[in-house]
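Input: a single structure, listed below in structure tokens.
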Amino acid sequence: MAANFWTSSHYKHLLEQEDVDMVNTLDKEKGITLEDFKLIKMHMANYILKLAQQVKVRQRVVATAVTYMRRVYTRKSMAEYDPRLVAPTCLYLASKAEESTVQARLLAFYIKKLYADDKYRYEIKDILEMEMKILEALNYYLVVYHPYRSLSPLLQDAGLNDLNMTQLTWGLVNDTYKMDLILVHPPHLIALACIYIASVLRDKDTTAWFEELRVDMNVVKNISMEILDFYESNRMFTEERINVALQKLTLRP
């Protein structure tokens with residue numbers, strides 16, 4: 001694993017937002033819009049979280065799995081790589097990368113327990129076969145740096161490491177994985193954006209502290225606005241709309 005973020009494959013493979021928001025041609029032919037694309041990825045991030053809660057892995061594994069899933073779809077189409085299989089396979093791969101291995105057998109069991117829909121009913125062999133495809137799609141770059149790593153030291157440095165602020169900022173960071181921020185921005189800037197939002201919500205004056213950090217506050221504020229905009233638009237992400245988007249894929253007979 002790279003010694004630090006700036007020498008890691010994660011840093012070297014950060015993307016521009018327009019590259020992340022590119023809907024594959026095969027998916028467009030299925031009628032998948034950019035809004036559908038985002039809805040499906042958000043739904044699959046929630047799916048990964050549900051499975052992770054069943055098999056009891058830590059949040060870092062969830063975050064890595066979601067990052068893998070989002071990276072896959074910057075290179076591959078949903079029409080070829082069924083997100084209902086990619087999601088649990090990314091969790092399987094992330095559990096190994098983060099040294100918290102979960103057996104494919106256990107994932108297959110909980111998939112059946114969570115979903116009655118046959119379109120989710122993948123077996124162990126399907127997960128193992130998709131694992132190799134995902135590794136290739138990721139170019140075998142499995143290192144992921146997360147905002148959690150810098151969040152606690154930053155909160156402590158700012159004098160904001162009380163329980164209330166810690167819980168609020170941690171929850172905000174969790175929610176950023178419902179977006180593609182981790183593919184576009186360095187993780188410490190995402191952490192700072194979450195601290196910025198929390199400090200405004202809790203009426204904490206962090207102006208001097210941010211000035212001392214000498215970070216580009218325009219970037220921090222832009223990330224903050226992306227997060228807040230997501231919360232606003234999230235009200236429209238109904239289960240019905242997600243199902244309509246998934247039905248467009250018609251991936252399995």
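Numbering starts fresh at 1 for the residues of each chain in the structure tokens, the chains themselves are lettered A, B, ... in the order given, and ligands are numbered from 1 as they appear.
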> Near region 207-221 of chain A, counting only C-alpha atoms, which residues have an atom at most 7 Å away, once you skip same-chain residues fewer than 2 positions from it, shown as an MDAnalysis selection string?
Replying inline: chainID A and resid 158 189 192:193 205 223:225
> Just asking: which residues within region 31-149 of chain A are helix (DSSP H, G or I) according to DSSP, as a PyMOL selection string?
Replying inline: chain A and resi 34-55+59-72+83-97+104-114+118-120+124-137+148-149
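Restricting the calculation to only C-alpha atoms, the smallest distance between Lys133 (chain A) and any of A:Arg241, A:Lys30, A:Lys76, A:Arg149 is found for A:Lys76.
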>> Env of Ala79 (chain A): 10 Å cut, atoms = only C-alpha atoms, seq-sep filter 3 positions within chain, self excluded. Answer as a PyMOL selection string.
In response: chain A and resi 24-30+32+76+82-83+248-252
>> Using only C-alpha atoms, which protein or nucleic acid residues come within 12 Å of Val244 (chain A)? Drop anything in the same chain fewer than 5 positions from it, and give the result as a ChimeraX atom specification.
In response: /A:30-33,35-37,39-40,237-239,249-250
